[in-house]
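*Asks:* What follows is structure-v8.cif, made up of mmCIF, C-alpha atoms (C1' of nucleotides):
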data_data
#
loop_
_atom_site.label_atom_id
_atom_site.label_comp_id
_atom_site.auth_asym_id
_atom_site.auth_seq_id
_atom_site.Cartn_x
_atom_site.Cartn_y
_atom_site.Cartn_z
CA MET A 3 6.07 26.50 79.07
CA ARG A 4 6.88 29.96 77.83
CA ALA A 5 10.30 31.41 77.41
CA SER A 6 11.71 33.24 80.42
CA GLN A 7 9.83 36.49 80.76
CA THR A 8 11.25 37.50 84.09
CA ALA A 9 13.70 39.98 82.70
CA THR A 10 13.89 42.35 85.64
CA ARG A 11 15.09 39.77 88.16
CA ASP A 12 17.36 37.40 86.37
CA PRO A 13 17.58 34.12 88.26
CA GLU A 14 20.46 32.91 86.12
CA GLN A 15 22.55 35.82 87.30
CA LYS A 16 21.93 34.94 90.95
CA ARG A 17 22.89 31.37 90.26
CA GLU A 18 26.15 32.53 88.73
CA ALA A 19 26.83 34.80 91.71
CA ILE A 20 26.49 31.82 94.04
CA LEU A 21 28.76 29.69 91.86
CA ASP A 22 31.35 32.49 91.74
CA ALA A 23 31.32 32.92 95.50
CA ALA A 24 31.57 29.17 95.96
CA LEU A 25 34.55 29.01 93.60
CA GLU A 26 36.40 31.64 95.60
CA LEU A 27 35.71 30.25 99.05
CA PHE A 28 36.06 26.55 98.21
CA ALA A 29 39.33 27.32 96.40
CA ASP A 30 41.03 28.81 99.39
CA ARG A 31 39.36 27.17 102.40
CA GLY A 32 38.30 23.82 100.98
CA PHE A 33 34.88 22.20 101.09
CA HIS A 34 34.61 21.51 104.82
CA GLY A 35 36.33 24.78 105.69
CA THR A 36 33.65 26.85 103.96
CA SER A 37 30.29 27.46 105.63
CA ILE A 38 26.99 28.19 103.92
CA PRO A 39 26.52 31.47 105.86
CA ASP A 40 29.97 32.68 104.68
CA LEU A 41 29.09 31.64 101.17
CA ALA A 42 25.77 33.46 101.29
CA GLU A 43 27.42 36.65 102.49
CA ARG A 44 30.02 36.54 99.72
CA ALA A 45 27.35 35.94 97.07
CA LYS A 46 25.19 38.69 98.59
CA VAL A 47 22.17 36.42 99.03
CA ALA A 48 20.52 34.93 102.09
CA ALA A 49 21.52 31.46 103.28
CA GLY A 50 18.13 30.01 102.39
CA THR A 51 18.33 31.30 98.83
CA ILE A 52 21.24 29.01 98.05
CA TYR A 53 18.91 26.05 98.56
CA ARG A 54 16.59 27.41 95.88
CA TYR A 55 19.34 26.84 93.32
CA PHE A 56 21.22 23.85 94.73
CA ALA A 57 19.85 20.87 96.61
CA SER A 58 22.72 20.77 99.08
CA LYS A 59 26.25 21.92 99.75
CA GLU A 60 27.48 18.80 97.96
CA ALA A 61 25.38 19.55 94.89
CA LEU A 62 26.85 23.05 94.89
CA VAL A 63 30.46 21.91 95.00
CA ASN A 64 29.74 19.46 92.19
CA ALA A 65 28.18 22.22 90.10
CA VAL A 66 31.26 24.39 90.62
CA TYR A 67 33.55 21.47 89.81
CA GLN A 68 31.78 20.67 86.57
CA ARG A 69 31.63 24.29 85.46
CA GLU A 70 35.33 24.85 86.10
CA LYS A 71 36.47 21.53 84.68
CA MET A 72 34.59 22.20 81.47
CA ALA A 73 36.02 25.71 81.27
CA LEU A 74 39.52 24.29 81.67
CA ALA A 75 38.89 21.58 79.10
CA LYS A 76 37.57 24.14 76.64
CA ALA A 77 40.61 26.37 77.18
CA LEU A 78 43.08 23.53 76.67
CA VAL A 79 41.53 21.52 73.87
CA PRO A 80 43.57 21.98 70.70
CA LYS A 81 41.95 23.53 67.63
CA ASP A 82 44.10 21.62 65.20
CA MET A 83 45.70 18.26 65.87
CA SER A 84 47.58 18.08 62.57
CA THR A 85 50.74 20.02 63.48
CA SER A 86 53.97 18.72 64.94
CA ALA A 87 54.22 17.45 68.51
CA ARG A 88 56.50 20.34 69.41
CA LEU A 89 53.98 22.92 68.21
CA MET A 90 51.14 21.11 69.93
CA LEU A 91 53.03 21.22 73.21
CA HIS A 92 53.66 24.92 72.65
CA ALA A 93 49.97 25.54 72.05
CA PHE A 94 49.05 23.55 75.15
CA PHE A 95 51.60 25.36 77.29
CA VAL A 96 50.54 28.82 76.14
CA ALA A 97 46.86 27.98 76.68
CA ALA A 98 47.52 26.52 80.11
CA CYS A 99 49.57 29.54 81.19
CA ARG A 100 46.89 31.88 79.92
CA TYR A 101 44.25 29.99 81.87
CA ALA A 102 46.41 30.07 85.02
CA ARG A 103 46.82 33.82 84.66
CA GLU A 104 43.20 34.61 83.86
CA ARG A 105 41.42 32.17 86.15
CA PRO A 106 43.81 31.33 88.99
CA LEU A 107 40.95 30.45 91.35
CA SER A 108 39.61 27.91 88.90
CA LEU A 109 42.93 26.09 88.77
CA ALA A 110 43.34 26.23 92.55
CA PHE A 111 39.81 24.91 93.04
CA LEU A 112 40.27 22.01 90.63
CA GLU A 113 43.62 21.08 92.13
CA HIS A 114 42.21 21.27 95.65
CA HIS A 115 39.09 19.22 94.94
CA HIS A 116 40.61 16.60 92.71
CA HIS A 117 39.13 13.12 93.38
CA LYS A 118 37.43 14.05 96.64
CA ASP A 119 34.78 11.68 97.96
CA TYR A 120 31.97 14.22 97.86
CA LEU A 121 32.30 14.51 94.08
CA ASP A 122 29.63 12.55 92.21
CA GLN A 123 30.02 10.30 89.18
CA ALA A 124 29.28 13.09 86.69
CA SER A 125 32.13 15.13 88.13
CA ARG A 126 34.50 12.18 88.06
CA ASP A 127 33.63 11.34 84.47
CA LEU A 128 34.74 14.76 83.29
CA GLU A 129 38.31 13.83 84.15
CA GLN A 130 38.53 11.21 81.42
CA ARG A 131 36.74 13.26 78.80
CA MET A 132 39.36 15.89 79.46
CA PHE A 133 42.40 13.74 78.76
CA ALA A 134 40.94 11.82 75.84
CA PRO A 135 42.08 14.19 73.03
CA ALA A 136 45.55 14.44 74.55
CA LEU A 137 45.79 10.65 74.64
CA ILE A 138 44.83 10.30 70.99
CA PHE A 139 47.34 12.92 69.97
CA LEU A 140 50.12 11.40 72.05
CA ARG A 141 49.69 7.98 70.45
CA GLN A 142 49.89 9.57 67.03
CA ALA A 143 53.04 11.43 67.99
CA GLN A 144 54.57 8.24 69.36
CA GLU A 145 54.04 6.46 66.05
CA GLN A 146 55.77 9.32 64.27
CA MET A 147 58.71 8.91 66.65
CA ALA A 148 58.21 12.44 67.95
CA VAL A 149 57.71 11.61 71.62
CA LYS A 150 58.98 8.87 73.92
CA LYS A 151 57.20 5.52 73.70
CA CYS A 152 56.13 5.34 77.33
CA GLU A 153 52.62 4.78 78.61
CA PRO A 154 50.83 7.90 77.28
CA GLU A 155 48.91 8.27 80.55
CA MET A 156 52.23 8.55 82.32
CA LEU A 157 53.46 11.24 79.93
CA ILE A 158 50.31 13.25 80.61
CA ALA A 159 50.84 12.87 84.36
CA LEU A 160 54.43 14.10 84.01
CA VAL A 161 53.54 17.09 81.82
CA TRP A 162 50.59 18.13 83.95
CA GLY A 163 52.68 17.60 87.08
CA MET A 164 55.37 19.95 85.77
CA PHE A 165 52.78 22.57 84.92
CA ASN A 166 51.27 22.29 88.38
CA GLY A 167 54.65 22.56 90.02
CA LEU A 168 55.30 25.68 88.00
CA VAL A 169 52.01 27.31 88.97
CA ARG A 170 52.37 26.44 92.63
CA GLY A 171 55.96 27.67 92.87
CA HIS A 172 54.97 30.88 91.17
CA GLU A 173 52.00 31.42 93.51
CA GLU A 174 54.26 30.87 96.51
CA LYS A 175 56.65 33.43 95.04
CA ARG A 176 59.53 30.99 95.05
CA PHE A 177 60.49 32.22 91.56
CA ALA A 178 59.30 34.67 88.91
CA LEU A 179 57.67 33.60 85.64
CA ASP A 180 58.74 36.20 83.09
CA PRO A 181 58.62 35.30 79.37
CA LYS A 182 62.21 34.01 79.47
CA ALA A 183 61.51 31.69 82.41
CA LEU A 184 58.32 30.48 80.72
CA ALA A 185 60.21 29.66 77.53
CA GLU A 186 62.80 27.75 79.56
CA ALA A 187 60.08 25.84 81.40
CA GLU A 188 58.38 24.94 78.14
CA GLU A 189 61.66 23.63 76.80
CA CYS A 190 62.15 21.51 79.94
CA ILE A 191 58.75 19.97 79.43
CA TRP A 192 59.46 19.27 75.78
CA GLN A 193 62.80 17.64 76.57
CA ALA A 194 61.05 15.46 79.13
CA ILE A 195 58.74 13.87 76.58
CA ARG A 196 60.50 14.10 73.20
CA ALA A 197 61.82 10.91 71.67
CA MET B 7 52.58 -5.91 135.37
CA ARG B 8 51.39 -7.55 132.19
CA ALA B 9 53.13 -6.59 128.98
CA SER B 10 49.99 -5.31 127.28
CA GLN B 11 49.11 -3.22 130.29
CA THR B 12 52.57 -1.69 130.44
CA ALA B 13 52.44 -1.06 126.71
CA THR B 14 49.11 0.74 126.91
CA ARG B 15 50.37 2.83 129.78
CA ASP B 16 53.45 4.14 128.04
CA PRO B 17 52.62 7.82 127.43
CA GLU B 18 54.97 8.17 124.46
CA GLN B 19 53.26 5.29 122.73
CA LYS B 20 49.85 6.88 123.25
CA ARG B 21 51.12 10.12 121.78
CA GLU B 22 52.33 8.22 118.73
CA ALA B 23 49.00 6.41 118.44
CA ILE B 24 47.23 9.77 118.31
CA LEU B 25 49.69 11.11 115.73
CA ASP B 26 49.28 7.96 113.61
CA ALA B 27 45.49 8.18 113.70
CA ALA B 28 45.67 11.88 112.85
CA LEU B 29 47.97 11.17 109.88
CA GLU B 30 45.50 8.64 108.48
CA LEU B 31 42.36 10.70 108.92
CA PHE B 32 43.80 14.09 107.99
CA ALA B 33 45.39 12.52 104.90
CA ASP B 34 42.15 11.30 103.45
CA ARG B 35 39.51 13.67 104.82
CA GLY B 36 41.47 16.87 105.34
CA PHE B 37 41.70 19.01 108.46
CA HIS B 38 38.16 20.35 108.58
CA GLY B 39 36.73 17.04 107.41
CA THR B 40 38.14 15.17 110.39
CA SER B 41 36.44 15.42 113.80
CA ILE B 42 38.08 14.95 117.19
CA PRO B 43 35.61 12.17 118.15
CA ASP B 44 36.50 10.25 114.95
CA LEU B 45 40.17 10.78 115.66
CA ALA B 46 39.80 9.57 119.24
CA GLU B 47 38.01 6.43 118.11
CA ARG B 48 40.72 5.62 115.55
CA ALA B 49 43.47 6.18 118.12
CA LYS B 50 41.53 4.11 120.69
CA VAL B 51 41.56 6.87 123.31
CA ALA B 52 38.87 9.13 124.71
CA ALA B 53 38.34 12.55 123.14
CA GLY B 54 39.59 14.31 126.25
CA THR B 55 42.86 12.38 126.22
CA ILE B 56 43.92 14.04 122.98
CA TYR B 57 43.96 17.36 124.83
CA ARG B 58 46.45 15.96 127.38
CA TYR B 59 48.97 15.66 124.55
CA PHE B 60 48.05 18.51 122.20
CA ALA B 61 46.74 21.96 123.05
CA SER B 62 44.23 22.01 120.20
CA LYS B 63 43.29 20.41 116.90
CA GLU B 64 45.55 22.96 115.20
CA ALA B 65 48.50 22.04 117.40
CA LEU B 66 47.88 18.40 116.52
CA VAL B 67 47.87 18.94 112.76
CA ASN B 68 51.08 20.96 113.09
CA ALA B 69 52.71 18.17 115.09
CA VAL B 70 51.76 15.66 112.40
CA TYR B 71 52.99 18.00 109.66
CA GLN B 72 56.36 18.51 111.30
CA ARG B 73 56.86 14.84 112.04
CA GLU B 74 56.05 13.80 108.46
CA LYS B 75 57.97 16.60 106.79
CA MET B 76 61.09 15.73 108.76
CA ALA B 77 60.66 12.05 107.93
CA LEU B 78 60.42 12.95 104.24
CA ALA B 79 63.44 15.26 104.42
CA LYS B 80 65.47 12.57 106.14
CA ALA B 81 64.48 10.01 103.50
CA LEU B 82 65.39 12.30 100.59
CA VAL B 83 68.54 14.04 101.78
CA PRO B 84 71.52 12.75 99.83
CA LYS B 85 74.35 10.97 101.65
CA ASP B 86 77.00 12.10 99.23
CA MET B 87 76.86 15.24 97.11
CA SER B 88 80.09 14.57 95.24
CA THR B 89 78.80 12.34 92.42
CA SER B 90 77.46 13.33 89.04
CA ALA B 91 74.17 15.11 88.57
CA ARG B 92 72.73 12.07 86.81
CA LEU B 93 73.56 9.77 89.70
CA MET B 94 72.25 12.29 92.21
CA LEU B 95 68.94 12.41 90.38
CA HIS B 96 68.87 8.62 90.36
CA ALA B 97 69.47 8.51 94.11
CA PHE B 98 66.75 11.10 94.69
CA PHE B 99 64.28 9.29 92.47
CA VAL B 100 64.88 5.90 94.08
CA ALA B 101 64.59 7.40 97.57
CA ALA B 102 61.42 9.29 96.69
CA CYS B 103 59.79 6.19 95.15
CA ARG B 104 60.76 4.13 98.18
CA TYR B 105 59.18 6.72 100.47
CA ALA B 106 56.02 6.82 98.35
CA ARG B 107 55.76 3.03 98.55
CA GLU B 108 56.50 2.71 102.25
CA ARG B 109 54.67 5.75 103.62
CA PRO B 110 51.93 6.67 101.14
CA LEU B 111 49.81 8.36 103.80
CA SER B 112 52.68 10.64 104.72
CA LEU B 113 53.04 11.86 101.15
CA ALA B 114 49.27 12.30 100.77
CA PHE B 115 49.08 14.22 104.03
CA LEU B 116 51.94 16.56 103.12
CA GLU B 117 50.53 17.19 99.66
CA HIS B 118 47.07 17.81 101.05
CA HIS B 119 48.19 20.20 103.81
CA HIS B 120 50.78 22.12 101.87
CA HIS B 121 50.76 25.83 102.81
CA LYS B 122 47.40 25.76 104.60
CA ASP B 123 46.57 28.69 106.82
CA TYR B 124 46.30 26.67 110.02
CA LEU B 125 49.98 25.69 109.74
CA ASP B 126 52.19 27.70 112.08
CA GLN B 127 55.55 29.31 111.34
CA ALA B 128 57.57 26.31 112.53
CA SER B 129 55.72 24.10 110.04
CA ARG B 130 56.24 26.60 107.24
CA ASP B 131 59.94 26.95 107.95
CA LEU B 132 60.50 23.23 107.40
CA GLU B 133 59.72 23.72 103.73
CA GLN B 134 62.83 25.79 103.06
CA ARG B 135 65.13 23.63 105.17
CA MET B 136 63.99 20.78 103.00
CA PHE B 137 64.96 22.27 99.65
CA ALA B 138 68.19 23.91 100.78
CA PRO B 139 70.52 20.95 100.04
CA ALA B 140 68.91 20.42 96.65
CA LEU B 141 69.44 24.09 95.80
CA ILE B 142 73.13 23.97 96.69
CA PHE B 143 73.64 20.86 94.63
CA LEU B 144 71.75 22.23 91.63
CA ARG B 145 73.90 25.37 91.52
CA GLN B 146 77.02 23.22 91.56
CA ALA B 147 75.68 21.06 88.76
CA GLN B 148 74.81 24.16 86.73
CA GLU B 149 78.38 25.43 86.95
CA GLN B 150 79.62 22.08 85.71
CA MET B 151 77.24 22.41 82.74
CA ALA B 152 75.43 19.24 83.82
CA VAL B 153 71.96 20.74 84.19
CA LYS B 154 70.09 23.60 82.49
CA LYS B 155 70.90 27.10 83.69
CA CYS B 156 67.38 28.06 84.73
CA GLU B 157 66.29 29.36 88.10
CA PRO B 158 67.16 26.41 90.37
CA GLU B 159 63.92 26.89 92.33
CA MET B 160 62.05 26.37 89.09
CA LEU B 161 63.92 23.16 88.32
CA ILE B 162 63.02 21.84 91.75
CA ALA B 163 59.37 22.72 91.17
CA LEU B 164 59.42 20.88 87.84
CA VAL B 165 61.12 17.76 89.21
CA TRP B 166 58.93 17.58 92.29
CA GLY B 167 55.88 18.27 90.14
CA MET B 168 56.72 15.34 87.87
CA PHE B 169 57.21 13.07 90.85
CA ASN B 170 53.87 14.14 92.30
CA GLY B 171 52.12 13.60 88.99
CA LEU B 172 53.61 10.12 88.85
CA VAL B 173 52.47 9.24 92.37
CA ARG B 174 48.99 10.61 91.86
CA GLY B 175 48.47 8.90 88.52
CA HIS B 176 49.64 5.65 90.03
CA GLU B 177 47.32 5.98 93.03
CA GLU B 178 44.41 6.64 90.72
CA LYS B 179 45.39 3.51 88.80
CA ARG B 180 45.68 5.43 85.55
CA PHE B 181 48.91 3.52 84.81
CA ALA B 182 51.14 0.88 86.39
CA LEU B 183 54.56 1.65 87.81
CA ASP B 184 56.63 -1.46 87.18
CA PRO B 185 60.45 -1.19 87.14
CA LYS B 186 60.46 -0.49 83.40
CA ALA B 187 57.97 2.38 83.71
CA LEU B 188 59.91 3.78 86.65
CA ALA B 189 63.14 3.76 84.67
CA GLU B 190 61.37 5.53 81.80
CA ALA B 191 59.94 8.13 84.16
CA GLU B 192 63.35 8.74 85.71
CA GLU B 193 64.80 9.26 82.24
CA CYS B 194 62.03 11.77 81.42
CA ILE B 195 62.87 13.74 84.54
CA TRP B 196 66.56 13.69 83.69
CA GLN B 197 65.95 14.87 80.14
CA ALA B 198 63.84 17.69 81.50
CA ILE B 199 66.67 19.19 83.53
CA ARG B 200 69.91 18.12 81.82
CA ALA B 201 71.92 20.76 79.99
"C1'" DC C 22 -5.90 39.54 94.49
"C1'" DT C 23 -3.00 35.73 93.65
"C1'" DT C 24 1.36 33.95 92.91
"C1'" DT C 25 6.11 33.61 93.35
"C1'" DG C 26 10.56 33.58 95.34
"C1'" DC C 27 13.75 35.78 98.53
"C1'" DG C 28 15.39 36.90 103.30
"C1'" DG C 29 16.81 35.63 107.55
"C1'" DA C 30 15.36 33.71 111.99
"C1'" DA C 31 14.60 29.07 113.62
"C1'" DT C 32 16.14 24.23 114.15
"C1'" DG C 33 18.46 20.11 115.58
"C1'" DA C 34 22.74 17.91 114.91
"C1'" DA C 35 27.54 17.95 115.41
"C1'" DC C 36 31.54 20.38 116.40
"C1'" DG C 37 35.90 21.51 119.48
"C1'" DT C 38 36.85 21.88 124.01
"C1'" DT C 39 36.35 21.48 129.10
"C1'" DC C 40 36.01 19.50 133.55
"C1'" DA C 41 34.56 16.78 137.47
"C1'" DC C 42 35.49 12.47 138.18
"C1'" DT C 43 37.57 7.46 138.20
"C1'" DC C 44 41.27 4.61 138.38
"C1'" DC C 45 45.70 2.83 139.38
"C1'" DG C 46 50.71 2.79 140.50
"C1'" DT C 47 53.70 4.60 143.96
"C1'" DG C 48 55.66 5.67 148.29
"C1'" DC C 49 54.85 6.80 153.07
"C1'" DT C 50 53.01 5.28 157.55
"C1'" DT C 51 52.20 2.04 160.86
"C1'" DA D 13 53.82 -6.51 155.36
"C1'" DA D 14 49.75 -4.23 154.92
"C1'" DG D 15 47.02 -0.25 154.52
"C1'" DC D 16 46.50 4.44 153.31
"C1'" DA D 17 46.87 8.84 150.93
"C1'" DC D 18 48.44 11.07 147.00
"C1'" DG D 19 49.13 12.51 142.10
"C1'" DG D 20 48.34 12.47 137.63
"C1'" DA D 21 46.66 10.06 133.32
"C1'" DG D 22 42.39 8.85 131.20
"C1'" DT D 23 37.50 9.36 130.63
"C1'" DG D 24 33.12 10.81 128.51
"C1'" DA D 25 29.13 13.60 129.47
"C1'" DA D 26 28.19 18.38 129.11
"C1'" DC D 27 28.95 23.12 127.29
"C1'" DG D 28 28.55 26.92 124.20
"C1'" DT D 29 29.12 27.59 119.43
"C1'" DT D 30 28.50 26.91 114.69
"C1'" DC D 31 26.97 24.10 111.14
"C1'" DA D 32 23.69 22.67 107.09
"C1'" DT D 33 19.16 22.94 106.24
"C1'" DT D 34 14.11 24.32 106.82
"C1'" DC D 35 10.37 27.32 107.11
"C1'" DC D 36 7.46 31.15 107.12
"C1'" DG D 37 6.23 36.06 106.41
"C1'" DC D 38 6.57 39.53 103.22
"C1'" DA D 39 7.31 42.26 99.10
"C1'" DA D 40 6.93 42.73 94.51
"C1'" DA D 41 5.14 40.81 89.79
"C1'" DG D 42 1.37 39.41 87.08
#
In structure tokens, write the structure found in this file.
*Replies:*
Amino acid sequence: MRASQTATRDPEQKREAILDAALELFADRGFHGTSIPDLAERAKVAAGTIYRYFASKEALVNAVYQREKMALAKALVPKDMSTSARLMLHAFFVAACRYARERPLSLAFLEHHHHKDYLDQASRDLEQRMFAPALIFLRQAQEQMAVKKCEPEMLIALVWGMFNGLVRGHEEKRFALDPKALAEAEECIWQAIRA
Amino acid sequence: MRASQTATRDPEQKREAILDAALELFADRGFHGTSIPDLAERAKVAAGTIYRYFASKEALVNAVYQREKMALAKALVPKDMSTSARLMLHAFFVAACRYARERPLSLAFLEHHHHKDYLDQASRDLEQRMFAPALIFLRQAQEQMAVKKCEPEMLIALVWGMFNGLVRGHEEKRFALDPKALAEAEECIWQAIRA
DNA sequence: CTTTGCGGAATGAACGTTCACTCCGTGCTT
DNA sequence: AAGCACGGAGTGAACGTTCATTCCGCAAAG
């Protein structure tokens, strides 16, 4: 087994093109609303080629899900858990807003395909790995009397729910999100969870 | 002349049976994931019968959307806007939780089909009629220094986002929602928006 | 020349929708 | 009172289309 010597035609690049096209189409038409021929056209490959890289449409959507979920997790995971709860929330909020701005399709896709029945176990498992660091941090912060002593899972649901509401309202142009509005929103979130 | 025969023959009841089946299936499989034959079987009618009541699958999903959105609006609209902001939030929260408990499929359907491109203008217009009373009340409360002076649309997005996060987390069994947890969640929401 | 992997037509299943028909309650005729 | 003709709701097989997936010929790489 030699290292990849096919430099002229990079198969990895084609795979990425298919994943990118799938992200776009699945994000705004959903899984069942997207056809393989449409997908092939967007990725600029033939329909049959997709099956060289992915066993089925389901396998493809799972590959997209796992790629995007890991990208989101990587973008949100804190570098340093030793600061105050307030600063941690700030870091989370800034990172989440940056991700929403830079990869809006990723967020839309993940929101749209959350907990769907065609997702396999590997995809589902990523959910918990994602929230694990936040959970640990929240328990710490609760002991230091920095945040409310509710079920930490519930606090995460509330914070993530607020962030989602913000993103959705902004996408629907119901309100603008200039720096002032963002700062106000961040403060709302902090007030919601602080002790 | 039998009761069951008369019941089956009532056209309004058949229409409702189709709408009920559509609510269930659309809520958990989505629009494109639900087929007319499946729908017909669930509603206990023949496929062709559905087209006696609705012009197309799109017309059907719009009929379901409008019925459920109006039911939600009716359940959430406040009886009396002259109390304090805190009590208004309490009334909203109790009503929303009651709706989530009694009609979970309705909430799932509305969340799932929010702003989809197969929804017609009439369906879209219901969205704004829904938030209008809340907007008026929020502006009042802001003048009385009871809630934060942010964009009211943003406050609505945050509150509704928290409620959605709560419902979703509960449905996924990530945490329990006993009366104590509900009271804590309500307090979080209040702290998020209070002045 | 052999090997490899892509393109795109071919395939059968399943889709939304239609339509010729059945069935039954109702009211008119006798 | 009984029979008949009518109208419209309900049916489900059939239609043309589109789907996910397969397959084979070809073009380029080794």
*Asks:* Quick one: which residues from chain A are at most 6 Å off chain B, using only C-alpha atoms, as an MDAnalysis selection string?
*Replies:* chainID A and resid 34:35 159:160 163:164 167:168 190:191 193:194
*Asks:* Provide as a CSV table (one decimal) with C-alpha atoms, in the frame of the given file the residues of chain A at most 8 Å from chain C, counting all atoms listed in the file.
*Replies:*
chain,number,residue,atom,x,y,z
A,48,ALA,CA,20.5,34.9,102.1
A,49,ALA,CA,21.5,31.5,103.3
A,50,GLY,CA,18.1,30.0,102.4
A,51,THR,CA,18.3,31.3,98.8
*Asks:* Can you check the Cα RMSD once chain A has been least-squares fitted onto chain B over every paired atom, in order?
*Replies:*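 Overlaying the two chains on their C-alpha atoms yields 3.1 Å.
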*Asks:* Find, counting only C-alpha atoms, the residue in B:Arg135, B:Ala23, B:Glu177, B:Asp86 that gets nearest to Val51 of chain B.
*Replies:*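 Counting only C-alpha atoms, the residue closest to Val51 of chain B is B:Ala23.
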*Asks:* Would you list the contacts of Arg48 of chain B as a list in words, taking every protein, DNA or RNA residue within 9 Å and counting all atoms listed in the file, but skipping same-chain residues closer than 2 positions in sequence?
*Replies:*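 Counting only the stated atoms, we get Ala23, Ile24, Ala27, Ala28, Leu31, Pro43, Asp44, Leu45, Ala46, Lys50 and Val51 of chain B.
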*Asks:* Suppose you want the space between atom CA of Gln150 of chain B and atom CA of Leu78 of chain B; what is it in Å?
*Replies:*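 Atom CA of Leu78 of chain B lies 28.2 Å from atom CA of Gln150 of chain B.
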*Asks:* Just how far from atom CA of Val70 of chain B is atom CA of Leu132 of chain B, in Å to one decimal?
*Replies:*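 Distance between the two atoms: 12.6 Å.
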*Asks:* Mind running chain A against chain D at 10 Å and telling me each contacting residue's nearest atom pair with the distance in Å (one decimal), counting all atoms listed in the file, chain and number ascending, as a tab-separated table?
*Replies:*
residue	atom	partner	partner_atom	distance
A:Thr8	CA	D:DA41	C1'	9.0
A:Thr10	CA	D:DA41	C1'	9.8
A:Ser37	CA	D:DC31	C1'	7.3
A:Ile38	CA	D:DA32	C1'	7.2
A:Pro39	CA	D:DC31	C1'	9.1
A:Ala49	CA	D:DT33	C1'	9.3
A:Gly50	CA	D:DT33	C1'	8.1
A:Tyr53	CA	D:DT33	C1'	8.3
A:Ala57	CA	D:DT33	C1'	9.9
A:Ser58	CA	D:DT33	C1'	8.3
A:Lys59	CA	D:DA32	C1'	7.8
*Asks:* Every residue with an atom at most 12 Å from (73.6, 13.4, 93.6) (file coordinates; all atoms listed in the file) is what I'm after, so could you write them as a list in words?
*Replies:* Leu82, Val83, Pro84, Lys85, Asp86, Met87, Ser88, Thr89, Ser90, Ala91, Arg92, Leu93, Met94, Leu95, His96, Ala97, Phe98, Phe99, Val100, Ala101, Pro139, Ala140, Leu141, Ile142, Phe143, Leu144, Gln146, Ala147 and Ala152 of chain B
*Asks:* Taking all atoms listed in the file into account, which of B:Arg107, B:Leu113, B:Ala79, B:Arg21 comes nearest Ala138 of chain B?
*Replies:*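 Going through B:Arg107, B:Leu113, B:Ala79, B:Arg21 one by one, the smallest distance to Ala138 of chain B is for B:Ala79.
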*Asks:* Please measure the separation of atom CA of Lys16 of chain A and atom CA of Ala65 of chain A, giving the value in Å to one decimal.
*Replies:* 14.2 Å
*Asks:* Would you please work out which residue, of A:Asp22, A:Glu43, A:Glu60, A:Asp180, is nearest to Cys99 of chain A when using only C-alpha atoms?
*Replies:*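 Checking each candidate against Cys99 of chain A, we get A:Asp180 as the closest.
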*Asks:* Rank B:Ala33, B:Leu25, B:Val67, B:Met76 by their smallest atom-to-atom distance to Asp131 of chain B, using only C-alpha atoms, and report the top residue only.
*Replies:* B:Met76
*Asks:* Quick one: 4 Å padding each side, axis-aligned, all listed atoms of segment 26-44 of chain C - centre and edge lengths in Å to one decimal, as lines of an AutoDock Vina configuration file?
*Replies:*
center_x = 25.9
center_y = 20.8
center_z = 116.9
size_x = 38.7
size_y = 40.3
size_z = 51.0
